[in-house]
Amino acid sequence: MIDAASSVRLVDQYCHGVLRTELGLGTFETYLGPAAGAPPASGTTFFDTQTGFAVRRWCPPLLGLEPHCPPAHYLARRRELGVVEAGRRLLRGTGIATYLVDTGLPGDLAGPAELAAAGAAQAREIVRLELLAEQVADTSGTVESFLANLAEAVHGAAGTAVAFTTVAAGRLADPAEPPGPGEVRGAAGRWLAGRRVGDPLTDPVLLRHLLWAALATGLPLQLHIGVRDPMPLAGFAAATAGLGTDLVLLHGYPHHRTA
């Protein structure tokens, strides 16, 4: 059994690229904390959380250090090796054979090709729908061109991506039906009229439109739930039955049973 388990090659079905830059102790620690930004418990640091314990147990030995060495020693060793070599050792020590990478997160992050090379693995892109729409809006002058270019962009992305993802689904009241063409054009006109280059997409009608456009491609659709109860998405999930598209609920704790 142990030999069989050790031979399993893993798939990380949702991740981001690794940072290309060095981090100081304080900045590194914030990456161990919750996405909501809550501070650590009084008298502790994020190195004392379950995530921090895991990093301290498993990462130092991959860099030639003892498990649970002081965090400052671990980060010093990372700086000594350099970003590229430290990243290569850490990624290749995971046993992961394939990374599915959401490229929609800002920051100086390695893309799928870099991640694959560093980890001696394969990597495929997960396209974030909101970012795709924002990039199209930045280069579209009219409502008609925006909607046409958006449809083309979704179709084109489906040719190379392994999945789509959205961070908005958990905030939508009722995405169970696609909006009508007139509703979409009206929403696009209002959004584009008040938008500056780089502004995020928050319009609920356009977000619903994007969800259903992605579903039509047949690729899996990953829905960020976070700390929200996913029950409001039950109607949407039921409406997609029979389309042949997989829905993946991300980050469901503490609502994993409902999910």
# chains A, B, ... in the order shown; residues from 1 in each chain; ligands from 1
$ closest_atom_pairs --of "range 159-217 of chain A" --to "range 124-133 of chain A" --cutoff "7 Å" --atoms "only C-alpha atoms" --output "JSON lines"
{"residue": "A:Ala161", "atom": "CA", "partner": "A:Glu125", "partner_atom": "CA", "distance": 5.0}
{"residue": "A:Val162", "atom": "CA", "partner": "A:Ile126", "partner_atom": "CA", "distance": 5.8}
{"residue": "A:Ala163", "atom": "CA", "partner": "A:Ile126", "partner_atom": "CA", "distance": 4.9}
{"residue": "A:Phe164", "atom": "CA", "partner": "A:Val127", "partner_atom": "CA", "distance": 4.8}
{"residue": "A:Thr165", "atom": "CA", "partner": "A:Arg128", "partner_atom": "CA", "distance": 4.8}
{"residue": "A:Thr166", "atom": "CA", "partner": "A:Arg128", "partner_atom": "CA", "distance": 5.7}
{"residue": "A:Leu201", "atom": "CA", "partner": "A:Glu130", "partner_atom": "CA", "distance": 6.0}
{"residue": "A:Leu210", "atom": "CA", "partner": "A:Leu129", "partner_atom": "CA", "distance": 6.7}
$ write_last_selection --atoms "N, CA, C and O atoms" --output "short mmCIF file (atom, residue, chain, number, x, y, z; two decimals), in the first residue's frame"
data_model
loop_
_atom_site.label_atom_id
_atom_site.label_comp_id
_atom_site.auth_asym_id
_atom_site.auth_seq_id
_atom_site.Cartn_x
_atom_site.Cartn_y
_atom_site.Cartn_z
N ALA A 161 -7.59 26.69 -22.67
CA ALA A 161 -7.72 26.58 -21.21
C ALA A 161 -8.26 25.21 -20.82
O ALA A 161 -8.89 24.52 -21.63
N VAL A 162 -8.04 24.85 -19.57
CA VAL A 162 -8.57 23.59 -19.04
C VAL A 162 -9.87 23.82 -18.29
O VAL A 162 -10.65 22.89 -18.09
N ALA A 163 -10.13 25.08 -17.89
CA ALA A 163 -11.35 25.41 -17.16
C ALA A 163 -11.50 26.92 -17.11
O ALA A 163 -10.56 27.67 -17.41
N PHE A 164 -12.71 27.37 -16.73
CA PHE A 164 -12.96 28.77 -16.40
C PHE A 164 -13.19 28.87 -14.90
O PHE A 164 -13.58 27.89 -14.25
N THR A 165 -12.97 30.07 -14.37
CA THR A 165 -13.26 30.29 -12.96
C THR A 165 -13.85 31.67 -12.77
O THR A 165 -13.64 32.56 -13.61
N THR A 166 -14.59 31.85 -11.69
CA THR A 166 -15.16 33.15 -11.35
C THR A 166 -15.15 33.32 -9.84
O THR A 166 -15.36 32.36 -9.10
N LEU A 201 -15.00 44.34 -13.14
CA LEU A 201 -16.37 44.02 -13.52
C LEU A 201 -17.15 43.61 -12.27
O LEU A 201 -16.81 42.63 -11.61
N LEU A 210 -21.64 36.08 -18.36
CA LEU A 210 -20.35 35.40 -18.47
C LEU A 210 -20.44 33.96 -18.00
O LEU A 210 -19.86 33.05 -18.62
#
$ residues_around --residues "Ala187 in chain A" --least-positions-apart "6" --cutoff "9 Å" --atoms "only C-alpha atoms" --output "PDB file with all heavy atoms, in the first residue's frame"
ATOM      1  N   ASP A 203     -20.873  44.308 -12.453  1.00  0.00           N
ATOM      2  CA  ASP A 203     -22.284  44.325 -12.856  1.00  0.00           C
ATOM      3  C   ASP A 203     -22.867  42.911 -12.802  1.00  0.00           C
ATOM      4  O   ASP A 203     -22.356  41.994 -13.459  1.00  0.00           O
ATOM      5  CB  ASP A 203     -22.411  44.883 -14.276  1.00  0.00           C
ATOM      6  CG  ASP A 203     -23.863  44.996 -14.701  1.00  0.00           C
ATOM      7  OD1 ASP A 203     -24.403  44.003 -15.229  1.00  0.00           O
ATOM      8  OD2 ASP A 203     -24.465  46.058 -14.473  1.00  0.00           O
ATOM      9  N   PRO A 204     -23.943  42.683 -12.046  1.00  0.00           N
ATOM     10  CA  PRO A 204     -24.479  41.326 -11.887  1.00  0.00           C
ATOM     11  C   PRO A 204     -25.042  40.731 -13.171  1.00  0.00           C
ATOM     12  O   PRO A 204     -24.974  39.515 -13.364  1.00  0.00           O
ATOM     13  CB  PRO A 204     -25.567  41.497 -10.821  1.00  0.00           C
ATOM     14  CG  PRO A 204     -25.931  42.947 -10.851  1.00  0.00           C
ATOM     15  CD  PRO A 204     -24.674  43.671 -11.226  1.00  0.00           C
ATOM     16  N   VAL A 205     -25.591  41.565 -14.045  1.00  0.00           N
ATOM     17  CA  VAL A 205     -26.136  41.040 -15.306  1.00  0.00           C
ATOM     18  C   VAL A 205     -25.012  40.511 -16.193  1.00  0.00           C
ATOM     19  O   VAL A 205     -25.098  39.413 -16.759  1.00  0.00           O
ATOM     20  CB  VAL A 205     -26.946  42.120 -16.041  1.00  0.00           C
ATOM     21  CG1 VAL A 205     -27.367  41.622 -17.435  1.00  0.00           C
ATOM     22  CG2 VAL A 205     -28.175  42.513 -15.234  1.00  0.00           C
ATOM     23  N   LEU A 206     -23.944  41.294 -16.321  1.00  0.00           N
ATOM     24  CA  LEU A 206     -22.815  40.851 -17.152  1.00  0.00           C
ATOM     25  C   LEU A 206     -22.127  39.631 -16.538  1.00  0.00           C
ATOM     26  O   LEU A 206     -21.642  38.758 -17.270  1.00  0.00           O
ATOM     27  CB  LEU A 206     -21.814  41.992 -17.335  1.00  0.00           C
ATOM     28  CG  LEU A 206     -22.304  43.180 -18.169  1.00  0.00           C
ATOM     29  CD1 LEU A 206     -21.222  44.251 -18.267  1.00  0.00           C
ATOM     30  CD2 LEU A 206     -22.734  42.731 -19.565  1.00  0.00           C
TER      31      LEU A 206
END
$ residues_around --residues "Ala168 in chain A" --least-positions-apart "3" --cutoff "9 Å" --atoms "only C-alpha atoms" --output "PDB file with N, CA and C atoms, in the first residue's frame"
ATOM      1  N   GLU A 130     -13.909  37.237 -15.058  1.00  0.00           N
ATOM      2  CA  GLU A 130     -13.967  38.677 -14.833  1.00  0.00           C
ATOM      3  C   GLU A 130     -12.787  39.382 -15.495  1.00  0.00           C
ATOM      4  N   ARG A 171     -21.663  35.766  -4.946  1.00  0.00           N
ATOM      5  CA  ARG A 171     -22.290  37.042  -4.600  1.00  0.00           C
ATOM      6  C   ARG A 171     -23.542  37.317  -5.426  1.00  0.00           C
ATOM      7  N   LEU A 172     -23.824  36.494  -6.428  1.00  0.00           N
ATOM      8  CA  LEU A 172     -24.977  36.734  -7.282  1.00  0.00           C
ATOM      9  C   LEU A 172     -26.233  36.169  -6.640  1.00  0.00           C
ATOM     10  N   THR A 202     -18.202  44.354 -11.978  1.00  0.00           N
ATOM     11  CA  THR A 202     -19.052  44.042 -10.827  1.00  0.00           C
ATOM     12  C   THR A 202     -20.526  43.966 -11.213  1.00  0.00           C
ATOM     13  N   PRO A 204     -23.943  42.683 -12.046  1.00  0.00           N
ATOM     14  CA  PRO A 204     -24.479  41.326 -11.887  1.00  0.00           C
ATOM     15  C   PRO A 204     -25.042  40.731 -13.171  1.00  0.00           C
ATOM     16  N   LEU A 207     -22.076  39.572 -15.227  1.00  0.00           N
ATOM     17  CA  LEU A 207     -21.485  38.396 -14.580  1.00  0.00           C
ATOM     18  C   LEU A 207     -22.312  37.147 -14.859  1.00  0.00           C
ATOM     19  N   LEU A 223     -16.285  27.736  -9.241  1.00  0.00           N
ATOM     20  CA  LEU A 223     -17.002  28.812  -8.564  1.00  0.00           C
ATOM     21  C   LEU A 223     -16.397  29.039  -7.182  1.00  0.00           C
ATOM     22  N   HIS A 224     -15.871  30.230  -6.944  1.00  0.00           N
ATOM     23  CA  HIS A 224     -15.319  30.560  -5.634  1.00  0.00           C
ATOM     24  C   HIS A 224     -16.468  30.816  -4.670  1.00  0.00           C
ATOM     25  N   ILE A 225     -16.548  30.018  -3.630  1.00  0.00           N
ATOM     26  CA  ILE A 225     -17.592  30.168  -2.632  1.00  0.00           C
ATOM     27  C   ILE A 225     -17.077  30.907  -1.407  1.00  0.00           C
TER      28      ILE A 225
END
$ residues_around --residues "Leu75 in chain A" --least-positions-apart "4" --cutoff "9 Å" --atoms "only C-alpha atoms" --output "mmCIF file with N, CA, C and O atoms, in the first residue's frame"
data_model
loop_
_atom_site.group_PDB
_atom_site.id
_atom_site.type_symbol
_atom_site.label_atom_id
_atom_site.label_comp_id
_atom_site.auth_asym_id
_atom_site.auth_seq_id
_atom_site.Cartn_x
_atom_site.Cartn_y
_atom_site.Cartn_z
ATOM 1 N N GLU A 22 11.720 37.692 -3.773
ATOM 2 C CA GLU A 22 11.968 37.301 -2.387
ATOM 3 C C GLU A 22 11.005 38.029 -1.460
ATOM 4 O O GLU A 22 10.544 39.139 -1.749
ATOM 5 N N LEU A 23 10.706 37.418 -0.313
ATOM 6 C CA LEU A 23 9.818 38.015 0.669
ATOM 7 C C LEU A 23 10.524 38.115 2.013
ATOM 8 O O LEU A 23 11.246 37.205 2.416
ATOM 9 N N GLY A 24 10.285 39.215 2.717
ATOM 10 C CA GLY A 24 10.749 39.341 4.087
ATOM 11 C C GLY A 24 9.870 38.537 5.019
ATOM 12 O O GLY A 24 8.811 38.019 4.634
ATOM 13 N N LEU A 25 10.274 38.446 6.286
ATOM 14 C CA LEU A 25 9.561 37.609 7.244
ATOM 15 C C LEU A 25 8.107 38.050 7.402
ATOM 16 O O LEU A 25 7.190 37.226 7.380
ATOM 17 N N PHE A 28 6.055 37.400 4.153
ATOM 18 C CA PHE A 28 5.845 35.961 3.984
ATOM 19 C C PHE A 28 4.750 35.469 4.928
ATOM 20 O O PHE A 28 3.891 34.675 4.548
ATOM 21 N N PRO A 70 13.443 27.510 12.966
ATOM 22 C CA PRO A 70 12.874 28.850 13.112
ATOM 23 C C PRO A 70 12.537 29.457 11.748
ATOM 24 O O PRO A 70 13.296 29.300 10.785
ATOM 25 N N PRO A 71 11.413 30.150 11.647
ATOM 26 C CA PRO A 71 11.022 30.746 10.366
ATOM 27 C C PRO A 71 12.109 31.630 9.758
ATOM 28 O O PRO A 71 12.301 31.634 8.540
ATOM 29 N N ARG A 79 16.609 32.670 0.676
ATOM 30 C CA ARG A 79 17.380 33.756 0.051
ATOM 31 C C ARG A 79 18.743 33.264 -0.399
ATOM 32 O O ARG A 79 19.255 33.680 -1.445
ATOM 33 N N GLU A 80 19.353 32.381 0.388
ATOM 34 C CA GLU A 80 20.670 31.835 0.028
ATOM 35 C C GLU A 80 20.613 31.063 -1.284
ATOM 36 O O GLU A 80 21.499 31.189 -2.138
#
$ select_by_dssp --residues "range 33-89 of chain A" --states "alpha helix (DSSP H)" --output "VMD selection string"
chain A and resid 50 to 62 71 to 81 83 to 89
$ write_last_selection --atoms "N, CA, C and O atoms" --output "compact mmCIF listing (two decimals), in the first residue's frame"
# COMPACT_ATOMS: atom_id res chain seq x y z
N GLN A 50 -2.43 26.16 11.40
CA GLN A 50 -2.27 24.86 10.74
C GLN A 50 -1.47 24.99 9.44
O GLN A 50 -0.63 24.14 9.13
N THR A 51 -1.73 26.08 8.69
CA THR A 51 -0.94 26.31 7.47
C THR A 51 0.52 26.54 7.83
O THR A 51 1.43 25.99 7.19
N GLY A 52 0.75 27.35 8.85
CA GLY A 52 2.13 27.63 9.27
C GLY A 52 2.84 26.38 9.74
O GLY A 52 4.02 26.16 9.41
N PHE A 53 2.15 25.54 10.51
CA PHE A 53 2.77 24.28 10.96
C PHE A 53 3.15 23.41 9.77
O PHE A 53 4.21 22.76 9.76
N ALA A 54 2.26 23.35 8.77
CA ALA A 54 2.54 22.51 7.60
C ALA A 54 3.75 23.01 6.84
O ALA A 54 4.62 22.23 6.43
N VAL A 55 3.84 24.33 6.64
CA VAL A 55 4.99 24.90 5.95
C VAL A 55 6.27 24.60 6.73
O VAL A 55 7.29 24.18 6.16
N ARG A 56 6.23 24.78 8.04
CA ARG A 56 7.43 24.58 8.87
C ARG A 56 7.84 23.11 8.93
O ARG A 56 9.03 22.80 9.08
N ARG A 57 6.87 22.20 8.81
CA ARG A 57 7.20 20.77 8.87
C ARG A 57 7.77 20.27 7.55
O ARG A 57 8.76 19.53 7.53
N TRP A 58 7.16 20.63 6.43
CA TRP A 58 7.48 19.97 5.17
C TRP A 58 8.43 20.75 4.26
O TRP A 58 9.16 20.14 3.47
N CYS A 59 8.45 22.08 4.38
CA CYS A 59 9.27 22.84 3.43
C CYS A 59 10.75 22.90 3.79
O CYS A 59 11.59 22.74 2.89
N PRO A 60 11.13 23.14 5.03
CA PRO A 60 12.58 23.22 5.33
C PRO A 60 13.39 22.01 4.89
O PRO A 60 14.49 22.18 4.33
N PRO A 61 12.92 20.76 5.10
CA PRO A 61 13.74 19.62 4.66
C PRO A 61 14.02 19.60 3.16
O PRO A 61 15.06 19.09 2.73
N LEU A 62 13.11 20.16 2.37
CA LEU A 62 13.34 20.21 0.92
C LEU A 62 14.47 21.18 0.56
O LEU A 62 15.03 21.10 -0.54
N PRO A 71 11.41 30.15 11.65
CA PRO A 71 11.02 30.75 10.37
C PRO A 71 12.11 31.63 9.76
O PRO A 71 12.30 31.63 8.54
N ALA A 72 12.83 32.37 10.59
CA ALA A 72 13.88 33.24 10.06
C ALA A 72 14.98 32.43 9.38
O ALA A 72 15.53 32.85 8.35
N HIS A 73 15.30 31.25 9.93
CA HIS A 73 16.31 30.39 9.30
C HIS A 73 15.80 29.85 7.97
O HIS A 73 16.55 29.76 6.99
N TYR A 74 14.53 29.49 7.93
CA TYR A 74 13.94 28.98 6.69
C TYR A 74 13.99 30.04 5.59
O TYR A 74 14.41 29.75 4.45
N LEU A 75 13.61 31.27 5.90
CA LEU A 75 13.61 32.32 4.89
C LEU A 75 15.04 32.71 4.49
O LEU A 75 15.30 33.05 3.33
N ALA A 76 15.97 32.63 5.44
CA ALA A 76 17.37 32.90 5.10
C ALA A 76 17.88 31.87 4.10
O ALA A 76 18.63 32.19 3.17
N ARG A 77 17.49 30.61 4.29
CA ARG A 77 17.91 29.55 3.37
C ARG A 77 17.30 29.77 1.98
O ARG A 77 17.97 29.55 0.97
N ARG A 78 16.06 30.22 1.94
CA ARG A 78 15.44 30.53 0.65
C ARG A 78 16.22 31.63 -0.06
O ARG A 78 16.46 31.55 -1.27
N ARG A 79 16.61 32.67 0.68
CA ARG A 79 17.38 33.76 0.05
C ARG A 79 18.74 33.26 -0.40
O ARG A 79 19.26 33.68 -1.44
N GLU A 80 19.35 32.38 0.39
CA GLU A 80 20.67 31.83 0.03
C GLU A 80 20.61 31.06 -1.28
O GLU A 80 21.50 31.19 -2.14
N LEU A 81 19.57 30.27 -1.46
CA LEU A 81 19.42 29.48 -2.68
C LEU A 81 18.97 30.33 -3.86
O LEU A 81 19.30 30.03 -5.02
N VAL A 83 15.50 32.65 -5.60
CA VAL A 83 14.09 32.38 -5.91
C VAL A 83 13.94 31.18 -6.82
O VAL A 83 13.10 30.30 -6.59
N VAL A 84 14.75 31.11 -7.86
CA VAL A 84 14.58 30.06 -8.87
C VAL A 84 14.89 28.69 -8.28
O VAL A 84 14.10 27.74 -8.41
N GLU A 85 16.02 28.56 -7.60
CA GLU A 85 16.41 27.25 -7.07
C GLU A 85 15.50 26.82 -5.92
O GLU A 85 15.12 25.65 -5.83
N ALA A 86 15.15 27.75 -5.02
CA ALA A 86 14.25 27.40 -3.92
C ALA A 86 12.90 26.96 -4.47
O ALA A 86 12.34 25.95 -4.02
N GLY A 87 12.40 27.69 -5.44
CA GLY A 87 11.12 27.31 -6.04
C GLY A 87 11.18 25.95 -6.71
O GLY A 87 10.26 25.14 -6.61
N ARG A 88 12.29 25.69 -7.40
CA ARG A 88 12.44 24.40 -8.08
C ARG A 88 12.43 23.25 -7.07
O ARG A 88 11.74 22.24 -7.27
N ARG A 89 13.16 23.40 -5.98
CA ARG A 89 13.22 22.32 -4.97
C ARG A 89 11.86 22.10 -4.30
O ARG A 89 11.43 20.96 -4.09
$ closest_residue --among "A:Gly95, A:Gly180, A:Gly104, A:Gly64" --to "Trp212 in chain A" --atoms "only C-alpha atoms"
A:Gly180
$ closest_residue --among "A:Pro178, A:Gly235, A:Pro230, A:Gly198" --to "Leu211 in chain A" --atoms "only C-alpha atoms"
A:Pro178
$ closest_residue --among "A:Leu32, A:Val143, A:Leu215, A:Ala117" --to "Gly242 in chain A" --atoms "only C-alpha atoms"
A:Leu215
$ closest_residue --among "A:Ala158, A:Val197, A:Ala234, A:Ala121" --to "Leu221 in chain A" --atoms "only C-alpha atoms"
A:Ala158
$ atom_distance --atom1 "CA of Ala157 in chain A" --atom2 "CA of Leu219 in chain A"
10.2 Å
$ closest_residue --among "A:Phe46, A:Ala110, A:Ile96, A:Pro34" --to "Val18 in chain A" --atoms "only C-alpha atoms"
A:Ala110
